[in-house]
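Comments concern the structure below.
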Amino acid sequence: MTTQPRSAELTASRQQALRRSRKYAASLPMSALLLIGAVVDDARAQAAGTAPTSPAVSALPAVVVSAPKQSKPKRRATPPTVTAAPAALPRPTSRTTTARDADGPGFVARTSTTGTKTNTPLIETPQSISVINRQQMDAQNVQSVTDALRYSAGVVATTPAISQRFDTFSIRGFDASSSGILRDGLRGTTAQAWPKTEPYGLERVEVLRGPSSVLYGQNAPGGLVNLITKRPLDKPFHEVMLQGGSFDRLQGQFDLSGPIDKDGQFLYRLTGLARDSNTQFKAIPDDKVFIAPAFTWRPDIDTTLTILTDYSHEKFGPPRPYIPIQGTLLPNKNGQLPRNQFLDQPGLDNDRTQYSAGYLFERHLDDTFTMRSNFRYGHVDLLTNTASGMSLAADQRTLNRALYQFRIVGDTYASDNQIQADWWMGSTQFVSLAGVDYRRSTEDYYLNSGRAPSIDIFNPVYNQPIGAATTASASTWQTSDQIGIYGQQQIKFDGRWVLSLGGRQDWSNTATDNRLKRSTATQDDKAFTYRAGLVYLSDVGLAPYIGYSTSFSPVLGTDFYGQPYKPTTGRQAEIGIKYQPAGATSFVTMSVFDLYQENVQTTDPNNSLNRLQVGEVRSRGFELQGVANPIVGLNLVASYTHAELTVTKSNTAAELGNRPTGLPADTASLWGDYTFQSGPLAGFGAGLGTRYVGESFADSANTIGVPSYVLFDAALHYDLGQLHRDLKGMRLAVNATNLTNKQYYVSCSATSCNAGFDRSVIASLRYRW
């Protein structure tokens, strides 16, 4: 489809709307910061008196990986022989705790292992990082990992409502749906078989922005998301919950944990979920069964072995339902398409079975050295059947379709082995890390095609006879091996400066057997990546930082002439400032970044069948992320991102100098949740949030604009134990997303659009004991 260039009037109108949008978006987090400042003053005034305590049911039991009762006495670290500067931190004298111990009050987190793999305080990490903890996920009742990321700076969720088989999103303008998702620091995806992680099985979600290959190997230049699995607790914890709501949703879930023996050497956790639900689209289910047993053995204070397993089976919709752009975003001579029109074939099987098993092992050799070994095996079996729309006829109502069936079976084996040394030289503290990781993946893929009847997009008839997908279009077996050796040095000197240096060498080998052509293609890649950063720690909690980092990601396949593609590479310069005052009741990060991705594929002007790696995309912008718990019971989250995305090199003149498709310049969000601590409303709480996503473009020439949108979310919750002591531990909640039922599009191409999520209301009843 071709479109005419925009008129000067249309361009001026859009520029004016864009300025209004940016003003609105920027006002969200600024308002939040003003509110934070006001409530901090109130909190200081309250500090003179006795602050009310939260109801016992409002927080999970503390998670402390402490020694068993009869373990050997704990060694104490020897203090430095030279007196350290007054502001320097003493050597740690206790063992690493679990993720929840790293959280402050409410939604506030203090530390993260994702940024450095060494459980470093967030304020000392020279890169932008944010944490969504379990309490925030519970308050917002997230139903997917994408839901958990909606209030994070730099992240644009592009998961369409009609195809929820994957969590799809970009970070700082670059897709991170495959190589940018980690589970406990390990990547579990093949080229096409991607697992989808159940958020109820997670303790926290950590977002690291910018290139991160120095610690994790091949990944997207915009950043990564590390999903931290729930671990066994050393105190009894039990939770059951029922949920019901929009689209005939019915869901039950449970989370049980605690010690097995009286000495606490053996711990367990069992998390599960079952869901029977429809969706806003006719004939598309959202059914799931999930179970995740976990086990921890702690023979002594120095040794911890945790076994993590999970299994899930899901049923969902087709992968790429074709909703024509004419009749949705653009005019159609036959009128506007009805909302949520379904143009695929009902009753076709689309499901995924996945499971994984792995371990996390940690051994403190002495007061200096710690050894860790992590491993996970993952299996994904994805079956897809679709009558996919291919093109819209000239009458703008007849959609030509084709029948496809494909199956992807992927297996991954990922391991990461590292040794850490914590040592001193005078008053200077050193944390040295060296490691080697290895990942092997196999993928069995076939694609069959067939004929499917066309369909009237305004009056679809679904009971037409449909054939079978019997024509073999593709059949491949692919194996991939990647090994990386990395090292990192953190140096804290004068009690105020933290210097981080890291380097990594990767080797990657991929072999693809084409069973139809009876041929094999191999590809070998290698890359060196690095990171350097410096943080200054002030007395008032402000920490300016500067950092530079690089990344790489192999590009599979060869060009038209048989030459293998080079990996895409990323490089970023970032400066910013973090703020976390004493007591960790808030954490704010402001950053400015300049990020490039190189070796991007573009069309060869001399051969349209060939792709050249001469493209480059730049992302340059500003981010603000804030989390605060200024007074007991009040939690605030705010974010704002402005990213100027530009195609700086390309063989396609139409896209040179333009914004890549589907990516807005501005996003903003604000969420607040308050629970009354005393008085007649004690135990009652409410939350309200708003999300803004700016205008994007559907075509590379930037002539078809996808409108911006504003969504509202809300929550009401009540601790029923306030009514009667026999109801202690019970909590009733109602969560709503897209409260005004706004119709919007998460992404569009030059030919089709993907609709966003309609209003959803879910009521839940939870019991903890």
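Residue numbering restarts at 1 in every chain; chains get A, B, ... in the order shown in the structure tokens, and ligands count up from 1 in that same order.
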
DSSP-assigned strand (DSSP E or B) among segment 524-720 of chain A, expressed as an MDAnalysis selection string = chainID A and resid 524:536 542:553 558 564 568:579 586:604 607:628 634:649 666:675 684:693 696:697 705:706 709:719

Name the residues in contact with segment 127-136 of chain A at a cut-off of 7 Å, using only C-alpha atoms, excluding same-chain residues fewer than 3 positions from it; report them as a list in words.
->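 Counting only the stated atoms, we get Gly106, Phe107, Ala109, Ala139, Gln140, Glu203, Arg204, Val205, Glu206, Val207, Leu208, Arg209 and Gly547 of chain A.
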
Selection file, all heavy atoms, as a short mmCIF file (atom, residue, chain, number, x, y, z; two decimals), in the first residue's frame:
```
data_model
loop_
_atom_site.label_atom_id
_atom_site.label_comp_id
_atom_site.auth_asym_id
_atom_site.auth_seq_id
_atom_site.Cartn_x
_atom_site.Cartn_y
_atom_site.Cartn_z
N GLY A 106 7.70 -1.41 51.15
CA GLY A 106 6.85 -1.25 49.99
C GLY A 106 7.48 -1.75 48.72
O GLY A 106 7.98 -2.87 48.63
N PHE A 107 7.48 -0.89 47.68
CA PHE A 107 7.99 -1.27 46.37
C PHE A 107 9.49 -1.01 46.22
O PHE A 107 10.06 -1.26 45.16
CB PHE A 107 7.26 -0.49 45.26
CG PHE A 107 5.78 -0.71 45.20
CD1 PHE A 107 4.98 0.08 44.38
CD2 PHE A 107 5.16 -1.71 45.94
CE1 PHE A 107 3.61 -0.11 44.29
CE2 PHE A 107 3.78 -1.91 45.87
CZ PHE A 107 3.01 -1.11 45.05
N ALA A 109 13.45 -1.27 46.34
CA ALA A 109 14.50 -2.29 46.39
C ALA A 109 15.82 -1.62 46.72
O ALA A 109 16.05 -0.45 46.37
CB ALA A 109 14.60 -3.03 45.07
N ALA A 139 0.12 -5.93 44.17
CA ALA A 139 -0.76 -4.77 44.22
C ALA A 139 -1.41 -4.50 42.87
O ALA A 139 -2.58 -4.11 42.79
CB ALA A 139 0.03 -3.54 44.68
N GLN A 140 -0.68 -4.74 41.78
CA GLN A 140 -1.21 -4.49 40.45
C GLN A 140 -1.82 -5.74 39.81
O GLN A 140 -2.33 -5.68 38.70
CB GLN A 140 -0.09 -3.93 39.56
CG GLN A 140 0.42 -2.58 40.05
CD GLN A 140 1.62 -2.08 39.26
OE1 GLN A 140 2.29 -2.85 38.56
NE2 GLN A 140 1.91 -0.80 39.37
N GLU A 203 9.65 -13.93 42.12
CA GLU A 203 9.85 -13.11 43.31
C GLU A 203 10.04 -11.64 42.94
O GLU A 203 9.59 -10.75 43.64
CB GLU A 203 11.08 -13.59 44.08
CG GLU A 203 11.23 -12.97 45.45
CD GLU A 203 10.06 -13.29 46.35
OE1 GLU A 203 9.68 -14.47 46.49
OE2 GLU A 203 9.49 -12.35 46.92
N ARG A 204 10.70 -11.38 41.83
CA ARG A 204 10.92 -10.02 41.36
C ARG A 204 11.30 -10.04 39.89
O ARG A 204 11.70 -11.06 39.34
CB ARG A 204 11.98 -9.29 42.19
CG ARG A 204 13.19 -10.12 42.50
CD ARG A 204 14.40 -9.43 43.11
NE ARG A 204 14.16 -8.34 44.00
CZ ARG A 204 15.12 -7.46 44.34
NH1 ARG A 204 16.32 -7.56 43.84
NH2 ARG A 204 14.87 -6.47 45.17
N VAL A 205 11.17 -8.87 39.25
CA VAL A 205 11.57 -8.67 37.86
C VAL A 205 12.55 -7.50 37.85
O VAL A 205 12.22 -6.41 38.34
CB VAL A 205 10.34 -8.35 36.97
CG1 VAL A 205 10.77 -8.02 35.55
CG2 VAL A 205 9.36 -9.52 36.98
N GLU A 206 13.73 -7.72 37.29
CA GLU A 206 14.78 -6.71 37.30
C GLU A 206 15.08 -6.28 35.86
O GLU A 206 15.31 -7.12 34.98
CB GLU A 206 16.04 -7.23 37.98
CG GLU A 206 15.76 -7.69 39.40
CD GLU A 206 17.00 -8.11 40.18
OE1 GLU A 206 18.08 -8.28 39.55
OE2 GLU A 206 16.89 -8.26 41.40
N VAL A 207 15.07 -4.97 35.61
CA VAL A 207 15.27 -4.41 34.27
C VAL A 207 16.61 -3.69 34.25
O VAL A 207 16.81 -2.71 34.97
CB VAL A 207 14.14 -3.44 33.90
CG1 VAL A 207 14.33 -2.92 32.47
CG2 VAL A 207 12.78 -4.10 34.05
N LEU A 208 17.54 -4.18 33.43
CA LEU A 208 18.85 -3.56 33.25
C LEU A 208 18.86 -2.91 31.88
O LEU A 208 18.72 -3.59 30.86
CB LEU A 208 19.96 -4.60 33.37
CG LEU A 208 21.40 -4.11 33.21
CD1 LEU A 208 21.76 -3.11 34.30
CD2 LEU A 208 22.37 -5.29 33.22
N ARG A 209 19.04 -1.59 31.82
CA ARG A 209 18.95 -0.86 30.57
C ARG A 209 20.34 -0.63 29.97
O ARG A 209 21.28 -0.29 30.67
CB ARG A 209 18.24 0.47 30.78
CG ARG A 209 16.83 0.31 31.35
CD ARG A 209 16.18 1.64 31.68
NE ARG A 209 14.92 1.44 32.35
CZ ARG A 209 14.79 1.31 33.67
NH1 ARG A 209 15.86 1.37 34.45
NH2 ARG A 209 13.60 1.10 34.22
N GLY A 547 28.91 5.76 32.57
CA GLY A 547 29.22 4.41 32.15
C GLY A 547 29.27 4.28 30.64
O GLY A 547 28.68 5.08 29.90
#
```

Restrict the calculation to only C-alpha atoms, then for each residue of segment 310-429 of chain A with any atom at most 7 Å from an atom of segment 153-171 of chain A give the closest atom pair and their distance in Å to one decimal, rows by chain and rising residue number, as JSON lines.
```
{"residue": "A:Phe316", "atom": "CA", "partner": "A:Arg165", "partner_atom": "CA", "distance": 6.5}
{"residue": "A:Gly317", "atom": "CA", "partner": "A:Ser163", "partner_atom": "CA", "distance": 5.4}
{"residue": "A:Pro318", "atom": "CA", "partner": "A:Ser163", "partner_atom": "CA", "distance": 6.2}
{"residue": "A:Pro319", "atom": "CA", "partner": "A:Ser163", "partner_atom": "CA", "distance": 5.6}
{"residue": "A:Arg320", "atom": "CA", "partner": "A:Ser163", "partner_atom": "CA", "distance": 7.0}
```

Hey, which of A:Val734, A:Leu270, A:Ala654, A:Ala414 ends up closest to Leu186 of chain A? Count only C-alpha atoms.
->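 Among A:Val734, A:Leu270, A:Ala654, A:Ala414, it is A:Ala414 that comes nearest to Leu186 of chain A.
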
Excluding Asp395 of chain A and any residue of its chain fewer than 2 positions from it, enumerate the residues within 12 Å of it, using only C-alpha atoms, and give them as an NGL selection string.
-> :A and (326 or 332-335 or 391-393 or 397-400 or 456-458)

Please write the residues from the selection above to a file, keeping C-alpha atoms, as an mmCIF file, in the first residue's frame.
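Generated output (result03.cif):
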```
data_model
loop_
_atom_site.group_PDB
_atom_site.id
_atom_site.type_symbol
_atom_site.label_atom_id
_atom_site.label_comp_id
_atom_site.auth_asym_id
_atom_site.auth_seq_id
_atom_site.Cartn_x
_atom_site.Cartn_y
_atom_site.Cartn_z
ATOM 1 C CA GLN A 326 -7.891 -0.158 5.996
ATOM 2 C CA ASN A 332 -12.026 1.738 4.209
ATOM 3 C CA LYS A 333 -14.602 2.490 1.519
ATOM 4 C CA ASN A 334 -16.898 -0.091 3.159
ATOM 5 C CA GLY A 335 -16.745 1.524 6.579
ATOM 6 C CA SER A 391 -3.593 -9.650 1.445
ATOM 7 C CA LEU A 392 -6.724 -7.535 1.128
ATOM 8 C CA ALA A 393 -8.456 -7.604 -2.253
ATOM 9 C CA ARG A 397 -13.454 -6.392 2.126
ATOM 10 C CA THR A 398 -12.207 -9.761 0.840
ATOM 11 C CA LEU A 399 -9.224 -11.071 2.796
ATOM 12 C CA ASN A 400 -7.135 -13.724 1.048
ATOM 13 C CA ASP A 456 -15.336 -11.163 4.256
ATOM 14 C CA ILE A 457 -13.774 -8.883 6.879
ATOM 15 C CA PHE A 458 -17.100 -7.114 7.531
#
```

Closest to Ile323 of chain A among A:Lys262, A:Arg401, A:Arg352, A:Arg531, using only C-alpha atoms?
->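 Selected residue with least distance to Ile323 of chain A: A:Arg401.
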
Choose the residue, out of A:Tyr445, A:Gly503, A:Ala387, A:Leu732, that has the smallest atom-to-atom separation from Gly467 of chain A; count only C-alpha atoms.
->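 Among A:Tyr445, A:Gly503, A:Ala387, A:Leu732, it is A:Ala387 that comes nearest to Gly467 of chain A.
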
Nearest to Ala148 of chain A by atom-to-atom distance, counting only C-alpha atoms, from A:Ala394, A:Leu227, A:Cys748, A:Leu305 | A:Leu227

Nearest to Met390 of chain A, chosen from A:Ser764, A:Asn599, A:Ser473, A:Thr751, with only C-alpha atoms counted in the distances =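 Distance minimum relative to Met390 of chain A lands on A:Thr751.
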
Using only C-alpha atoms: which of A:Ser388, A:Thr116, A:Ser475, A:Asn417 has the shortest distance to Gly450 of chain A |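 Looking at the shortest contact to Gly450 of chain A, the residue is A:Ser388.
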
Looking only at helix (DSSP H, G or I) from DSSP on the backbone, list the matching residues of segment 130-309 of chain A as a JSON list (two decimals) with C-alpha atoms, in the first residue's frame.
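Final file, out.json:
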```json
[["chain", "number", "residue", "atom", "x", "y", "z"],
["A", 134, "ARG", "CA", 6.58, -9.16, 44.58],
["A", 135, "GLN", "CA", 4.63, -6.57, 46.55],
["A", 136, "GLN", "CA", 4.22, -4.34, 43.49],
["A", 137, "MET", "CA", 3.21, -7.29, 41.31],
["A", 138, "ASP", "CA", 0.61, -8.30, 43.89],
["A", 139, "ALA", "CA", -0.76, -4.77, 44.22],
["A", 140, "GLN", "CA", -1.21, -4.49, 40.45],
["A", 145, "VAL", "CA", 5.61, -10.41, 32.56],
["A", 146, "THR", "CA", 4.57, -7.67, 30.12],
["A", 147, "ASP", "CA", 2.05, -6.47, 32.72],
["A", 148, "ALA", "CA", 4.82, -6.28, 35.31],
["A", 199, "PRO", "CA", 4.61, -14.09, 36.85],
["A", 200, "TYR", "CA", 3.00, -15.78, 39.87],
["A", 201, "GLY", "CA", 6.11, -17.96, 40.06],
["A", 213, "SER", "CA", 26.84, -8.58, 26.99],
["A", 214, "VAL", "CA", 29.82, -8.30, 29.33],
["A", 215, "LEU", "CA", 28.02, -10.47, 31.90],
["A", 216, "TYR", "CA", 25.37, -12.29, 29.86],
["A", 246, "SER", "CA", -13.87, -10.30, 32.61],
["A", 247, "PHE", "CA", -14.17, -12.72, 29.68],
["A", 248, "ASP", "CA", -15.40, -15.54, 31.96]]
```

Excluding Asp310 of chain A and any residue of its chain fewer than 2 positions from it, enumerate the residues within 7 Å of it, using only C-alpha atoms, and give them as a PDB file with C-alpha atoms, in the first residue's frame.
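Produced file part-v8.pdb, reproduced below:
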```
ATOM      1  CA  ILE A 291       3.140 -26.008  38.763  1.00  0.00           C
ATOM      2  CA  ALA A 292       6.582 -25.168  40.195  1.00  0.00           C
ATOM      3  CA  PRO A 293       8.152 -27.326  42.948  1.00  0.00           C
ATOM      4  CA  SER A 312       3.080 -25.371  32.283  1.00  0.00           C
ATOM      5  CA  TYR A 355       9.091 -27.321  31.478  1.00  0.00           C
ATOM      6  CA  SER A 356      12.460 -26.665  33.038  1.00  0.00           C
ATOM      7  CA  ALA A 357      14.703 -27.933  35.817  1.00  0.00           C
TER       8      ALA A 357
END
```

Would you kindly return, as a PDB file with N, CA and C atoms, in the first residue's frame, each protein, DNA or RNA residue with an atom no farther than 12 Å from any atom of Ser415 of chain A, considering only C-alpha atoms and excluding same-chain residues fewer than 5 positions away?
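Result file is out_2.pdb:
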```pdb
ATOM      1  N   ARG A 183      16.180 -15.884  32.870  1.00  0.00           N
ATOM      2  CA  ARG A 183      15.537 -16.479  34.049  1.00  0.00           C
ATOM      3  C   ARG A 183      16.643 -16.846  35.026  1.00  0.00           C
ATOM      4  N   ASP A 184      16.683 -16.147  36.159  1.00  0.00           N
ATOM      5  CA  ASP A 184      17.741 -16.335  37.157  1.00  0.00           C
ATOM      6  C   ASP A 184      19.119 -16.210  36.518  1.00  0.00           C
ATOM      7  N   GLY A 185      19.259 -15.242  35.602  1.00  0.00           N
ATOM      8  CA  GLY A 185      20.532 -14.968  34.969  1.00  0.00           C
ATOM      9  C   GLY A 185      20.881 -15.855  33.798  1.00  0.00           C
ATOM     10  N   LEU A 186      19.998 -16.788  33.409  1.00  0.00           N
ATOM     11  CA  LEU A 186      20.273 -17.718  32.321  1.00  0.00           C
ATOM     12  C   LEU A 186      19.235 -17.547  31.214  1.00  0.00           C
ATOM     13  N   ARG A 187      19.688 -17.598  29.967  1.00  0.00           N
ATOM     14  CA  ARG A 187      18.794 -17.433  28.832  1.00  0.00           C
ATOM     15  C   ARG A 187      18.243 -18.790  28.409  1.00  0.00           C
ATOM     16  N   GLY A 188      16.924 -18.858  28.166  1.00  0.00           N
ATOM     17  CA  GLY A 188      16.283 -20.129  27.859  1.00  0.00           C
ATOM     18  C   GLY A 188      15.561 -20.161  26.534  1.00  0.00           C
ATOM     19  N   TYR A 216      26.388 -11.321  30.291  1.00  0.00           N
ATOM     20  CA  TYR A 216      25.373 -12.288  29.864  1.00  0.00           C
ATOM     21  C   TYR A 216      25.508 -12.742  28.415  1.00  0.00           C
ATOM     22  N   ALA A 357      14.141 -27.463  34.552  1.00  0.00           N
ATOM     23  CA  ALA A 357      14.703 -27.933  35.817  1.00  0.00           C
ATOM     24  C   ALA A 357      16.132 -27.430  35.899  1.00  0.00           C
ATOM     25  N   GLY A 358      16.521 -26.992  37.073  1.00  0.00           N
ATOM     26  CA  GLY A 358      17.877 -26.483  37.233  1.00  0.00           C
ATOM     27  C   GLY A 358      18.238 -26.339  38.687  1.00  0.00           C
ATOM     28  N   TYR A 359      19.448 -25.847  38.915  1.00  0.00           N
ATOM     29  CA  TYR A 359      19.908 -25.658  40.283  1.00  0.00           C
ATOM     30  C   TYR A 359      20.663 -24.347  40.412  1.00  0.00           C
ATOM     31  N   LEU A 360      20.697 -23.830  41.645  1.00  0.00           N
ATOM     32  CA  LEU A 360      21.502 -22.682  42.040  1.00  0.00           C
ATOM     33  C   LEU A 360      22.364 -23.143  43.213  1.00  0.00           C
ATOM     34  N   PHE A 361      23.665 -23.135  43.028  1.00  0.00           N
ATOM     35  CA  PHE A 361      24.585 -23.619  44.058  1.00  0.00           C
ATOM     36  C   PHE A 361      25.532 -22.495  44.467  1.00  0.00           C
ATOM     37  N   ARG A 372      30.032 -20.017  42.842  1.00  0.00           N
ATOM     38  CA  ARG A 372      28.639 -20.217  42.460  1.00  0.00           C
ATOM     39  C   ARG A 372      28.574 -21.022  41.168  1.00  0.00           C
ATOM     40  N   SER A 373      27.558 -21.851  41.078  1.00  0.00           N
ATOM     41  CA  SER A 373      27.308 -22.609  39.855  1.00  0.00           C
ATOM     42  C   SER A 373      25.803 -22.685  39.649  1.00  0.00           C
ATOM     43  N   ASN A 374      25.333 -22.200  38.494  1.00  0.00           N
ATOM     44  CA  ASN A 374      23.913 -22.194  38.167  1.00  0.00           C
ATOM     45  C   ASN A 374      23.694 -22.949  36.860  1.00  0.00           C
ATOM     46  N   PHE A 375      22.608 -23.695  36.791  1.00  0.00           N
ATOM     47  CA  PHE A 375      22.303 -24.477  35.592  1.00  0.00           C
ATOM     48  C   PHE A 375      20.797 -24.576  35.419  1.00  0.00           C
ATOM     49  N   ARG A 376      20.348 -24.555  34.151  1.00  0.00           N
ATOM     50  CA  ARG A 376      18.945 -24.806  33.870  1.00  0.00           C
ATOM     51  C   ARG A 376      18.807 -25.505  32.516  1.00  0.00           C
ATOM     52  N   TYR A 377      17.972 -26.537  32.511  1.00  0.00           N
ATOM     53  CA  TYR A 377      17.525 -27.177  31.265  1.00  0.00           C
ATOM     54  C   TYR A 377      16.092 -26.742  31.014  1.00  0.00           C
ATOM     55  N   GLY A 378      15.808 -26.347  29.788  1.00  0.00           N
ATOM     56  CA  GLY A 378      14.459 -25.922  29.446  1.00  0.00           C
ATOM     57  C   GLY A 378      13.965 -26.569  28.167  1.00  0.00           C
ATOM     58  N   GLY A 435      34.265 -15.670  35.612  1.00  0.00           N
ATOM     59  CA  GLY A 435      33.308 -16.732  35.337  1.00  0.00           C
ATOM     60  C   GLY A 435      33.368 -17.231  33.917  1.00  0.00           C
ATOM     61  N   VAL A 436      32.731 -18.365  33.714  1.00  0.00           N
ATOM     62  CA  VAL A 436      32.579 -18.943  32.387  1.00  0.00           C
ATOM     63  C   VAL A 436      31.150 -19.465  32.271  1.00  0.00           C
ATOM     64  N   ASP A 437      30.487 -19.123  31.197  1.00  0.00           N
ATOM     65  CA  ASP A 437      29.132 -19.653  30.991  1.00  0.00           C
ATOM     66  C   ASP A 437      29.058 -20.356  29.642  1.00  0.00           C
ATOM     67  N   TYR A 438      28.147 -21.301  29.576  1.00  0.00           N
ATOM     68  CA  TYR A 438      27.989 -22.121  28.373  1.00  0.00           C
ATOM     69  C   TYR A 438      26.501 -22.343  28.131  1.00  0.00           C
ATOM     70  N   ARG A 439      26.122 -22.261  26.857  1.00  0.00           N
ATOM     71  CA  ARG A 439      24.722 -22.484  26.510  1.00  0.00           C
ATOM     72  C   ARG A 439      24.652 -23.280  25.220  1.00  0.00           C
ATOM     73  N   ARG A 440      23.871 -24.340  25.260  1.00  0.00           N
ATOM     74  CA  ARG A 440      23.629 -25.147  24.059  1.00  0.00           C
ATOM     75  C   ARG A 440      22.129 -25.196  23.826  1.00  0.00           C
ATOM     76  N   SER A 441      21.737 -25.013  22.581  1.00  0.00           N
ATOM     77  CA  SER A 441      20.322 -25.080  22.247  1.00  0.00           C
ATOM     78  C   SER A 441      20.131 -25.928  20.997  1.00  0.00           C
ATOM     79  N   ASP A 481      25.837 -23.501  19.928  1.00  0.00           N
ATOM     80  CA  ASP A 481      26.671 -23.541  21.120  1.00  0.00           C
ATOM     81  C   ASP A 481      27.309 -22.173  21.326  1.00  0.00           C
ATOM     82  N   GLN A 482      27.258 -21.698  22.549  1.00  0.00           N
ATOM     83  CA  GLN A 482      27.867 -20.409  22.887  1.00  0.00           C
ATOM     84  C   GLN A 482      28.616 -20.549  24.203  1.00  0.00           C
ATOM     85  N   ILE A 483      29.865 -20.075  24.218  1.00  0.00           N
ATOM     86  CA  ILE A 483      30.659 -20.103  25.434  1.00  0.00           C
ATOM     87  C   ILE A 483      31.277 -18.733  25.637  1.00  0.00           C
ATOM     88  N   GLY A 484      31.291 -18.288  26.875  1.00  0.00           N
ATOM     89  CA  GLY A 484      31.844 -16.972  27.190  1.00  0.00           C
ATOM     90  C   GLY A 484      32.687 -17.013  28.444  1.00  0.00           C
TER      91      GLY A 484
END
```

So which residues touch segment 620-626 of chain A within 7 Å, counting only C-alpha atoms, skipping near sequence neighbours fewer than 5 positions away, as a list in words?
-> Ala153, Gly154, Phe587, Val588, Thr589, Met590, Ser591, Val592, Phe593, Asp594, Leu595, Val637, Ala638, Ser639, Tyr640, Thr641, His642, Ala643, Glu644 and Leu645 of chain A
